[in-house]
file query_14.pdb (PDB, C-alpha atoms)
ATOM      1  CA  MET A 180     -56.026  52.566 -15.190  1.00  0.00           C
ATOM      2  CA  VAL A 181     -58.735  54.981 -14.079  1.00  0.00           C
ATOM      3  CA  VAL A 182     -58.664  55.890 -10.405  1.00  0.00           C
ATOM      4  CA  PRO A 183     -62.122  57.150  -9.445  1.00  0.00           C
ATOM      5  CA  PRO A 184     -62.431  59.894  -6.865  1.00  0.00           C
ATOM      6  CA  ASP A 185     -62.216  58.809  -3.223  1.00  0.00           C
ATOM      7  CA  THR A 186     -60.347  55.524  -3.855  1.00  0.00           C
ATOM      8  CA  SER A 187     -56.801  56.613  -2.989  1.00  0.00           C
ATOM      9  CA  ALA A 188     -56.460  54.120  -0.094  1.00  0.00           C
ATOM     10  CA  GLU A 189     -56.978  51.215  -2.521  1.00  0.00           C
ATOM     11  CA  LEU A 190     -54.404  52.688  -4.904  1.00  0.00           C
ATOM     12  CA  ASP A 191     -51.883  53.189  -2.090  1.00  0.00           C
ATOM     13  CA  ARG A 192     -52.183  49.513  -1.095  1.00  0.00           C
ATOM     14  CA  ALA A 193     -51.729  48.356  -4.686  1.00  0.00           C
ATOM     15  CA  LEU A 194     -48.690  50.581  -5.246  1.00  0.00           C
ATOM     16  CA  ALA A 195     -47.068  49.426  -2.000  1.00  0.00           C
ATOM     17  CA  GLU A 196     -47.253  45.874  -3.304  1.00  0.00           C
ATOM     18  CA  VAL A 197     -45.978  46.696  -6.802  1.00  0.00           C
ATOM     19  CA  PHE A 198     -43.049  48.843  -5.622  1.00  0.00           C
ATOM     20  CA  ARG A 199     -42.058  46.965  -2.455  1.00  0.00           C
ATOM     21  CA  ASP A 200     -38.572  46.229  -3.874  1.00  0.00           C
ATOM     22  CA  PHE A 201     -37.957  49.850  -4.911  1.00  0.00           C
ATOM     23  CA  PRO A 202     -37.828  51.943  -1.703  1.00  0.00           C
ATOM     24  CA  ARG A 203     -36.673  55.178  -3.427  1.00  0.00           C
ATOM     25  CA  THR A 204     -39.961  55.161  -5.302  1.00  0.00           C
ATOM     26  CA  PHE A 205     -41.682  55.949  -2.023  1.00  0.00           C
ATOM     27  CA  GLU A 206     -39.412  58.965  -1.487  1.00  0.00           C
ATOM     28  CA  LEU A 207     -40.767  60.316  -4.763  1.00  0.00           C
ATOM     29  CA  PHE A 208     -44.330  59.434  -3.776  1.00  0.00           C
ATOM     30  CA  GLY A 209     -43.835  61.293  -0.474  1.00  0.00           C
ATOM     31  CA  LEU A 210     -42.700  64.451  -2.245  1.00  0.00           C
ATOM     32  CA  LEU A 211     -45.581  64.264  -4.679  1.00  0.00           C
ATOM     33  CA  ASP A 212     -48.110  63.491  -1.957  1.00  0.00           C
ATOM     34  CA  ALA A 213     -47.238  66.706  -0.131  1.00  0.00           C
ATOM     35  CA  HIS A 214     -48.700  68.599  -3.112  1.00  0.00           C
ATOM     36  CA  HIS A 215     -51.597  66.251  -3.839  1.00  0.00           C
ATOM     37  CA  PRO A 216     -54.967  68.011  -3.554  1.00  0.00           C
ATOM     38  CA  ARG A 217     -57.378  66.735  -0.934  1.00  0.00           C
ATOM     39  CA  GLU A 218     -60.599  67.764  -2.648  1.00  0.00           C
ATOM     40  CA  ARG A 219     -62.481  65.291  -4.837  1.00  0.00           C
ATOM     41  CA  HIS A 220     -60.850  64.762  -8.257  1.00  0.00           C
ATOM     42  CA  TYR A 221     -59.719  62.196 -10.778  1.00  0.00           C
ATOM     43  CA  TYR A 222     -56.028  61.414 -10.370  1.00  0.00           C
ATOM     44  CA  LEU A 223     -54.475  60.784 -13.772  1.00  0.00           C
ATOM     45  CA  GLN A 224     -51.419  59.087 -12.376  1.00  0.00           C
ATOM     46  CA  PHE A 225     -50.158  57.150 -15.380  1.00  0.00           C
ATOM     47  CA  LEU A 226     -50.435  58.041 -19.045  1.00  0.00           C
ATOM     48  CA  GLY A 227     -47.905  56.634 -21.441  1.00  0.00           C
ATOM     49  CA  VAL A 228     -47.292  56.130 -25.132  1.00  0.00           C
ATOM     50  CA  ARG A 229     -44.532  53.981 -26.616  1.00  0.00           C
ATOM     51  CA  PRO A 230     -41.572  56.178 -27.558  1.00  0.00           C
ATOM     52  CA  GLY A 231     -41.868  55.363 -31.270  1.00  0.00           C
ATOM     53  CA  CYS A 232     -45.502  56.481 -31.266  1.00  0.00           C
ATOM     54  CA  GLN A 233     -45.090  59.690 -29.276  1.00  0.00           C
ATOM     55  CA  GLY A 234     -46.041  62.878 -31.054  1.00  0.00           C
ATOM     56  CA  THR A 235     -48.744  61.168 -33.133  1.00  0.00           C
ATOM     57  CA  GLY A 236     -51.772  62.271 -31.078  1.00  0.00           C
ATOM     58  CA  ILE A 237     -52.261  59.053 -29.131  1.00  0.00           C
ATOM     59  CA  GLY A 238     -51.519  60.712 -25.780  1.00  0.00           C
ATOM     60  CA  SER A 239     -53.929  63.555 -26.530  1.00  0.00           C
ATOM     61  CA  ALA A 240     -56.641  61.079 -27.521  1.00  0.00           C
ATOM     62  CA  LEU A 241     -56.197  59.098 -24.290  1.00  0.00           C
ATOM     63  CA  LEU A 242     -56.228  62.287 -22.271  1.00  0.00           C
ATOM     64  CA  ARG A 243     -59.270  63.726 -24.054  1.00  0.00           C
ATOM     65  CA  ALA A 244     -61.297  60.591 -23.322  1.00  0.00           C
ATOM     66  CA  MET A 245     -60.689  60.990 -19.596  1.00  0.00           C
ATOM     67  CA  LEU A 246     -61.136  64.769 -19.617  1.00  0.00           C
ATOM     68  CA  ASP A 247     -64.477  64.369 -21.382  1.00  0.00           C
ATOM     69  CA  ARG A 248     -65.545  62.141 -18.490  1.00  0.00           C
ATOM     70  CA  CYS A 249     -64.317  64.718 -15.959  1.00  0.00           C
ATOM     71  CA  ASP A 250     -66.226  67.475 -17.738  1.00  0.00           C
ATOM     72  CA  LEU A 251     -69.452  65.463 -17.954  1.00  0.00           C
ATOM     73  CA  GLU A 252     -69.242  64.546 -14.254  1.00  0.00           C
ATOM     74  CA  GLY A 253     -68.124  68.031 -13.198  1.00  0.00           C
ATOM     75  CA  VAL A 254     -65.028  66.611 -11.484  1.00  0.00           C
ATOM     76  CA  PRO A 255     -61.551  68.209 -11.693  1.00  0.00           C
ATOM     77  CA  ALA A 256     -58.461  66.289 -12.820  1.00  0.00           C
ATOM     78  CA  TYR A 257     -55.008  66.214 -11.238  1.00  0.00           C
ATOM     79  CA  LEU A 258     -51.667  64.830 -12.392  1.00  0.00           C
ATOM     80  CA  GLU A 259     -47.935  65.308 -12.062  1.00  0.00           C
ATOM     81  CA  ALA A 260     -45.953  66.153 -15.193  1.00  0.00           C
ATOM     82  CA  ASP A 261     -42.311  66.025 -16.155  1.00  0.00           C
ATOM     83  CA  GLU A 262     -40.657  68.674 -18.331  1.00  0.00           C
ATOM     84  CA  ARG A 263     -41.588  67.012 -21.604  1.00  0.00           C
ATOM     85  CA  SER A 264     -45.226  66.202 -20.842  1.00  0.00           C
ATOM     86  CA  ARG A 265     -46.006  69.499 -19.104  1.00  0.00           C
ATOM     87  CA  LEU A 266     -46.651  71.326 -22.391  1.00  0.00           C
ATOM     88  CA  LEU A 267     -49.094  68.632 -23.529  1.00  0.00           C
ATOM     89  CA  TYR A 268     -51.099  69.034 -20.342  1.00  0.00           C
ATOM     90  CA  VAL A 269     -51.110  72.844 -20.567  1.00  0.00           C
ATOM     91  CA  LYS A 270     -52.560  72.463 -24.065  1.00  0.00           C
ATOM     92  CA  HIS A 271     -55.416  70.472 -22.511  1.00  0.00           C
ATOM     93  CA  GLY A 272     -56.221  73.075 -19.858  1.00  0.00           C
ATOM     94  CA  PHE A 273     -54.054  71.996 -16.926  1.00  0.00           C
ATOM     95  CA  GLU A 274     -52.283  74.591 -14.801  1.00  0.00           C
ATOM     96  CA  ALA A 275     -49.136  73.926 -12.791  1.00  0.00           C
ATOM     97  CA  THR A 276     -49.618  74.509  -9.069  1.00  0.00           C
ATOM     98  CA  ALA A 277     -45.952  74.158  -8.028  1.00  0.00           C
ATOM     99  CA  GLU A 278     -42.573  72.862  -9.128  1.00  0.00           C
ATOM    100  CA  ILE A 279     -41.092  69.919  -7.256  1.00  0.00           C
ATOM    101  CA  GLY A 280     -37.339  69.512  -7.640  1.00  0.00           C
ATOM    102  CA  LEU A 281     -36.302  65.990  -6.797  1.00  0.00           C
ATOM    103  CA  PRO A 282     -33.057  65.529  -4.871  1.00  0.00           C
ATOM    104  CA  LYS A 283     -30.442  64.626  -7.493  1.00  0.00           C
ATOM    105  CA  GLY A 284     -33.165  64.302 -10.093  1.00  0.00           C
ATOM    106  CA  PRO A 285     -35.540  66.057 -12.466  1.00  0.00           C
ATOM    107  CA  SER A 286     -38.379  68.428 -11.654  1.00  0.00           C
ATOM    108  CA  PHE A 287     -42.052  67.556 -11.653  1.00  0.00           C
ATOM    109  CA  TRP A 288     -45.072  69.843 -11.768  1.00  0.00           C
ATOM    110  CA  PRO A 289     -48.333  69.071  -9.972  1.00  0.00           C
ATOM    111  CA  MET A 290     -51.082  70.159 -12.366  1.00  0.00           C
ATOM    112  CA  TRP A 291     -54.795  70.804 -11.913  1.00  0.00           C
ATOM    113  CA  ARG A 292     -57.625  71.121 -14.419  1.00  0.00           C
ATOM    114  CA  ALA A 293     -61.067  72.299 -13.402  1.00  0.00           C
ATOM    115  CA  PRO A 294     -63.928  70.685 -15.289  1.00  0.00           C
ATOM    116  CA  ARG A 295     -65.149  72.632 -18.274  1.00  0.00           C
ATOM    117  CA  ASN A 296     -68.805  73.442 -18.642  1.00  0.00           C
ATOM    118  CA  VAL A 297     -70.568  71.036 -20.961  1.00  0.00           C
ATOM    119  CA  PRO A 298     -73.698  72.380 -22.643  1.00  0.00           C
ATOM    120  CA  GLU A 299     -76.769  70.479 -21.536  1.00  0.00           C
ATOM    121  CA  GLY A 300     -77.412  67.525 -23.841  1.00  0.00           C
ATOM    122  CA  ASP A 301     -73.873  67.656 -25.336  1.00  0.00           C
ATOM    123  CA  GLU A 302     -72.318  64.287 -24.564  1.00  0.00           C
ATOM    124  CA  ARG A 303     -69.984  63.979 -27.562  1.00  0.00           C
ATOM    125  CA  ASP A 304     -66.448  62.691 -26.920  1.00  0.00           C
ATOM    126  CA  GLY A 305     -63.229  64.387 -27.903  1.00  0.00           C
ATOM    127  CA  ASP A 306     -64.477  67.748 -29.105  1.00  0.00           C
ATOM    128  CA  ARG A 307     -63.241  69.881 -26.222  1.00  0.00           C
ATOM    129  CA  GLY A 308     -59.446  69.467 -26.635  1.00  0.00           C
TER     130      GLY A 308
END
call {"tool": "encode", "arguments": {"input": "query_14.pdb", "output": "structure tokens"}}
result
Amino acid sequence: MVVPPDTSAELDRALAEVFRDFPRTFELFGLLDAHHPRERHYYLQFLGVRPGCQGTGIGSALLRAMLDRCDLEGVPAYLEADERSRLLYVKHGFEATAEIGLPKGPSFWPMWRAPRNVPEGDERDGDRG
């Protein structure tokens, strides 16, 4: 799912419906929201690869496709990472802005990536990993 900039209210309504039977989920969302940037950006909220296929480059390919779009549009990207995925995102130019320790749970890192300059006329996909 791609969440375009400035559509967070629609996403919030959809998530409230999906997670209505899981109230602790909203505790997590509240902690994450306190660190969520307010400036215009693409929010890469969900990126997943089946466990048996992890480590094969699928996640990087999915991420690169979206980051190419961010770069072409000149729009930053934001996400939250767990311990395992954090290194993947660093490899793709994200920087952690904080560490969020969940009560009785793991840590998460809000991460930000500014758009990279794309040479004029260069609209190729996947070559800026």
call {"tool": "closest_residue", "arguments": {"input": "query_14.pdb", "among": "A:Glu218, A:Asp247, A:Glu206, A:Glu274", "to": "A:Ala260", "atoms": "all atoms listed in the file"}}
result
A:Glu274
call {"tool": "atom_distance", "arguments": {"input": "query_14.pdb", "atom1": "atom CA of A:Pro255", "atom2": "atom CA of A:His220"}}
result
4.9 Å
call {"tool": "resolve_selection", "arguments": {"input": "query_14.pdb", "expression": "the PyMOL selection byres ((chain A and resi 284) around 12)", "output": "MDAnalysis selection string"}}
result
chainID A and resid 203 206:207 261:262 279:283 285:287
call {"tool": "residues_around", "arguments": {"input": "query_14.pdb", "residues": "stretch 212-214 of chain A", "least_positions_apart": "5", "cutoff": "10 Å", "atoms": "all atoms listed in the file", "output": "PDB file with C-alpha atoms, in the frame of the given file"}}
result
ATOM      1  CA  PHE A 205     -41.682  55.949  -2.023  1.00  0.00           C
ATOM      2  CA  GLU A 206     -39.412  58.965  -1.487  1.00  0.00           C
ATOM      3  CA  LEU A 207     -40.767  60.316  -4.763  1.00  0.00           C
ATOM      4  CA  GLU A 259     -47.935  65.308 -12.062  1.00  0.00           C
ATOM      5  CA  THR A 276     -49.618  74.509  -9.069  1.00  0.00           C
ATOM      6  CA  ALA A 277     -45.952  74.158  -8.028  1.00  0.00           C
ATOM      7  CA  GLU A 278     -42.573  72.862  -9.128  1.00  0.00           C
ATOM      8  CA  ILE A 279     -41.092  69.919  -7.256  1.00  0.00           C
ATOM      9  CA  TRP A 288     -45.072  69.843 -11.768  1.00  0.00           C
ATOM     10  CA  PRO A 289     -48.333  69.071  -9.972  1.00  0.00           C
ATOM     11  CA  MET A 290     -51.082  70.159 -12.366  1.00  0.00           C
TER      12      MET A 290
END
call {"tool": "atom_distance", "arguments": {"input": "query_14.pdb", "atom1": "atom CA of A:Leu251", "atom2": "atom CA of A:Ile237"}}
result
21.5 Å
call {"tool": "closest_residue", "arguments": {"input": "query_14.pdb", "among": "A:Phe208, A:Tyr221, A:Tyr268, A:Phe273", "to": "A:Gly253", "atoms": "only C-alpha atoms"}}
result
A:Tyr221
call {"tool": "resolve_selection", "arguments": {"input": "query_14.pdb", "expression": "the PyMOL selection byres ((chain A and resi 238) around 12)", "output": "JSON, numbers by chain"}}
result
{"A": [225, 226, 227, 228, 229, 230, 232, 233, 234, 235, 236, 237, 239, 240, 241, 242, 243, 244, 245, 264, 267, 268, 270, 271, 308]}
call {"tool": "axis_aligned_box", "arguments": {"input": "query_14.pdb", "around": "stretch 213-228 of chain A", "padding_each_side": "5 Å", "output": "lines of an AutoDock Vina configuration file"}}
result
center_x = -54.9
center_y = 62.4
center_z = -12.6
size_x = 25.2
size_y = 22.5
size_z = 35.0
call {"tool": "atom_distance", "arguments": {"input": "query_14.pdb", "atom1": "atom CA of A:Asp250", "atom2": "atom CA of A:Asp191"}}
result
25.6 Å
call {"tool": "decode", "arguments": {"input": "query_14.pdb", "residues": "stretch 260-292 of chain A", "atoms": "N, CA and C atoms", "output": "PDB file, in the first residue's frame"}}
result
ATOM      1  N   ALA A 260      11.378   1.330  12.039  1.00  0.00           N
ATOM      2  CA  ALA A 260      12.069   0.057  11.849  1.00  0.00           C
ATOM      3  C   ALA A 260      12.241  -0.669  13.168  1.00  0.00           C
ATOM      4  N   ASP A 261      12.257  -2.010  13.075  1.00  0.00           N
ATOM      5  CA  ASP A 261      12.633  -2.805  14.237  1.00  0.00           C
ATOM      6  C   ASP A 261      14.133  -3.085  14.135  1.00  0.00           C
ATOM      7  N   GLU A 262      14.656  -3.817  15.107  1.00  0.00           N
ATOM      8  CA  GLU A 262      16.103  -4.073  15.154  1.00  0.00           C
ATOM      9  C   GLU A 262      16.602  -4.736  13.871  1.00  0.00           C
ATOM     10  N   ARG A 263      15.884  -5.717  13.398  1.00  0.00           N
ATOM     11  CA  ARG A 263      16.344  -6.461  12.224  1.00  0.00           C
ATOM     12  C   ARG A 263      16.302  -5.627  10.948  1.00  0.00           C
ATOM     13  N   SER A 264      15.229  -4.889  10.732  1.00  0.00           N
ATOM     14  CA  SER A 264      15.083  -4.152   9.475  1.00  0.00           C
ATOM     15  C   SER A 264      15.860  -2.837   9.449  1.00  0.00           C
ATOM     16  N   ARG A 265      16.270  -2.362  10.603  1.00  0.00           N
ATOM     17  CA  ARG A 265      16.954  -1.059  10.672  1.00  0.00           C
ATOM     18  C   ARG A 265      18.182  -1.017   9.762  1.00  0.00           C
ATOM     19  N   LEU A 266      18.977  -2.069   9.746  1.00  0.00           N
ATOM     20  CA  LEU A 266      20.191  -2.079   8.927  1.00  0.00           C
ATOM     21  C   LEU A 266      19.877  -2.029   7.433  1.00  0.00           C
ATOM     22  N   LEU A 267      18.785  -2.675   7.020  1.00  0.00           N
ATOM     23  CA  LEU A 267      18.369  -2.592   5.620  1.00  0.00           C
ATOM     24  C   LEU A 267      18.070  -1.144   5.251  1.00  0.00           C
ATOM     25  N   TYR A 268      17.344  -0.455   6.106  1.00  0.00           N
ATOM     26  CA  TYR A 268      16.958   0.917   5.796  1.00  0.00           C
ATOM     27  C   TYR A 268      18.152   1.866   5.815  1.00  0.00           C
ATOM     28  N   VAL A 269      19.098   1.649   6.709  1.00  0.00           N
ATOM     29  CA  VAL A 269      20.324   2.462   6.719  1.00  0.00           C
ATOM     30  C   VAL A 269      21.050   2.303   5.385  1.00  0.00           C
ATOM     31  N   LYS A 270      21.098   1.087   4.893  1.00  0.00           N
ATOM     32  CA  LYS A 270      21.749   0.798   3.607  1.00  0.00           C
ATOM     33  C   LYS A 270      21.110   1.593   2.467  1.00  0.00           C
ATOM     34  N   HIS A 271      19.829   1.912   2.619  1.00  0.00           N
ATOM     35  CA  HIS A 271      19.106   2.653   1.579  1.00  0.00           C
ATOM     36  C   HIS A 271      19.007   4.152   1.884  1.00  0.00           C
ATOM     37  N   GLY A 272      19.812   4.629   2.812  1.00  0.00           N
ATOM     38  CA  GLY A 272      19.908   6.068   3.046  1.00  0.00           C
ATOM     39  C   GLY A 272      19.049   6.626   4.157  1.00  0.00           C
ATOM     40  N   PHE A 273      18.369   5.796   4.913  1.00  0.00           N
ATOM     41  CA  PHE A 273      17.567   6.280   6.033  1.00  0.00           C
ATOM     42  C   PHE A 273      18.464   6.537   7.240  1.00  0.00           C
ATOM     43  N   GLU A 274      18.069   7.509   8.045  1.00  0.00           N
ATOM     44  CA  GLU A 274      18.759   7.810   9.293  1.00  0.00           C
ATOM     45  C   GLU A 274      17.756   7.740  10.437  1.00  0.00           C
ATOM     46  N   ALA A 275      18.166   7.084  11.514  1.00  0.00           N
ATOM     47  CA  ALA A 275      17.297   7.005  12.698  1.00  0.00           C
ATOM     48  C   ALA A 275      17.223   8.382  13.350  1.00  0.00           C
ATOM     49  N   THR A 276      16.026   8.765  13.768  1.00  0.00           N
ATOM     50  CA  THR A 276      15.836  10.053  14.429  1.00  0.00           C
ATOM     51  C   THR A 276      15.636   9.911  15.931  1.00  0.00           C
ATOM     52  N   ALA A 277      15.380   8.692  16.396  1.00  0.00           N
ATOM     53  CA  ALA A 277      15.170   8.426  17.830  1.00  0.00           C
ATOM     54  C   ALA A 277      15.122   6.921  18.025  1.00  0.00           C
ATOM     55  N   GLU A 278      15.076   6.501  19.266  1.00  0.00           N
ATOM     56  CA  GLU A 278      14.798   5.110  19.610  1.00  0.00           C
ATOM     57  C   GLU A 278      13.584   5.106  20.518  1.00  0.00           C
ATOM     58  N   ILE A 279      12.605   4.289  20.185  1.00  0.00           N
ATOM     59  CA  ILE A 279      11.385   4.188  20.975  1.00  0.00           C
ATOM     60  C   ILE A 279      11.371   2.809  21.634  1.00  0.00           C
ATOM     61  N   GLY A 280      11.503   2.777  22.946  1.00  0.00           N
ATOM     62  CA  GLY A 280      11.416   1.526  23.679  1.00  0.00           C
ATOM     63  C   GLY A 280       9.983   1.286  24.106  1.00  0.00           C
ATOM     64  N   LEU A 281       9.400   0.213  23.633  1.00  0.00           N
ATOM     65  CA  LEU A 281       8.024  -0.082  23.985  1.00  0.00           C
ATOM     66  C   LEU A 281       7.955  -0.683  25.378  1.00  0.00           C
ATOM     67  N   PRO A 282       6.944  -0.312  26.163  1.00  0.00           N
ATOM     68  CA  PRO A 282       6.784  -0.913  27.482  1.00  0.00           C
ATOM     69  C   PRO A 282       6.643  -2.439  27.342  1.00  0.00           C
ATOM     70  N   LYS A 283       7.515  -3.153  28.002  1.00  0.00           N
ATOM     71  CA  LYS A 283       7.501  -4.626  27.956  1.00  0.00           C
ATOM     72  C   LYS A 283       7.563  -5.146  26.516  1.00  0.00           C
ATOM     73  N   GLY A 284       8.359  -4.488  25.697  1.00  0.00           N
ATOM     74  CA  GLY A 284       8.448  -4.906  24.308  1.00  0.00           C
ATOM     75  C   GLY A 284       9.745  -4.463  23.663  1.00  0.00           C
ATOM     76  N   PRO A 285       9.842  -4.654  22.364  1.00  0.00           N
ATOM     77  CA  PRO A 285      11.065  -4.318  21.634  1.00  0.00           C
ATOM     78  C   PRO A 285      11.202  -2.813  21.409  1.00  0.00           C
ATOM     79  N   SER A 286      12.314  -2.426  20.832  1.00  0.00           N
ATOM     80  CA  SER A 286      12.529  -1.039  20.431  1.00  0.00           C
ATOM     81  C   SER A 286      12.214  -0.868  18.953  1.00  0.00           C
ATOM     82  N   PHE A 287      11.825   0.345  18.614  1.00  0.00           N
ATOM     83  CA  PHE A 287      11.610   0.750  17.237  1.00  0.00           C
ATOM     84  C   PHE A 287      12.369   2.041  17.001  1.00  0.00           C
ATOM     85  N   TRP A 288      12.751   2.274  15.743  1.00  0.00           N
ATOM     86  CA  TRP A 288      13.477   3.476  15.378  1.00  0.00           C
ATOM     87  C   TRP A 288      12.726   4.216  14.284  1.00  0.00           C
ATOM     88  N   PRO A 289      12.252   5.432  14.562  1.00  0.00           N
ATOM     89  CA  PRO A 289      11.729   6.273  13.488  1.00  0.00           C
ATOM     90  C   PRO A 289      12.901   6.623  12.569  1.00  0.00           C
ATOM     91  N   MET A 290      12.686   6.531  11.267  1.00  0.00           N
ATOM     92  CA  MET A 290      13.771   6.772  10.316  1.00  0.00           C
ATOM     93  C   MET A 290      13.301   7.689   9.191  1.00  0.00           C
ATOM     94  N   TRP A 291      14.199   8.539   8.739  1.00  0.00           N
ATOM     95  CA  TRP A 291      13.908   9.562   7.746  1.00  0.00           C
ATOM     96  C   TRP A 291      14.919   9.452   6.620  1.00  0.00           C
ATOM     97  N   ARG A 292      14.450   9.659   5.400  1.00  0.00           N
ATOM     98  CA  ARG A 292      15.346   9.693   4.239  1.00  0.00           C
ATOM     99  C   ARG A 292      14.949  10.866   3.368  1.00  0.00           C
TER     100      ARG A 292
END
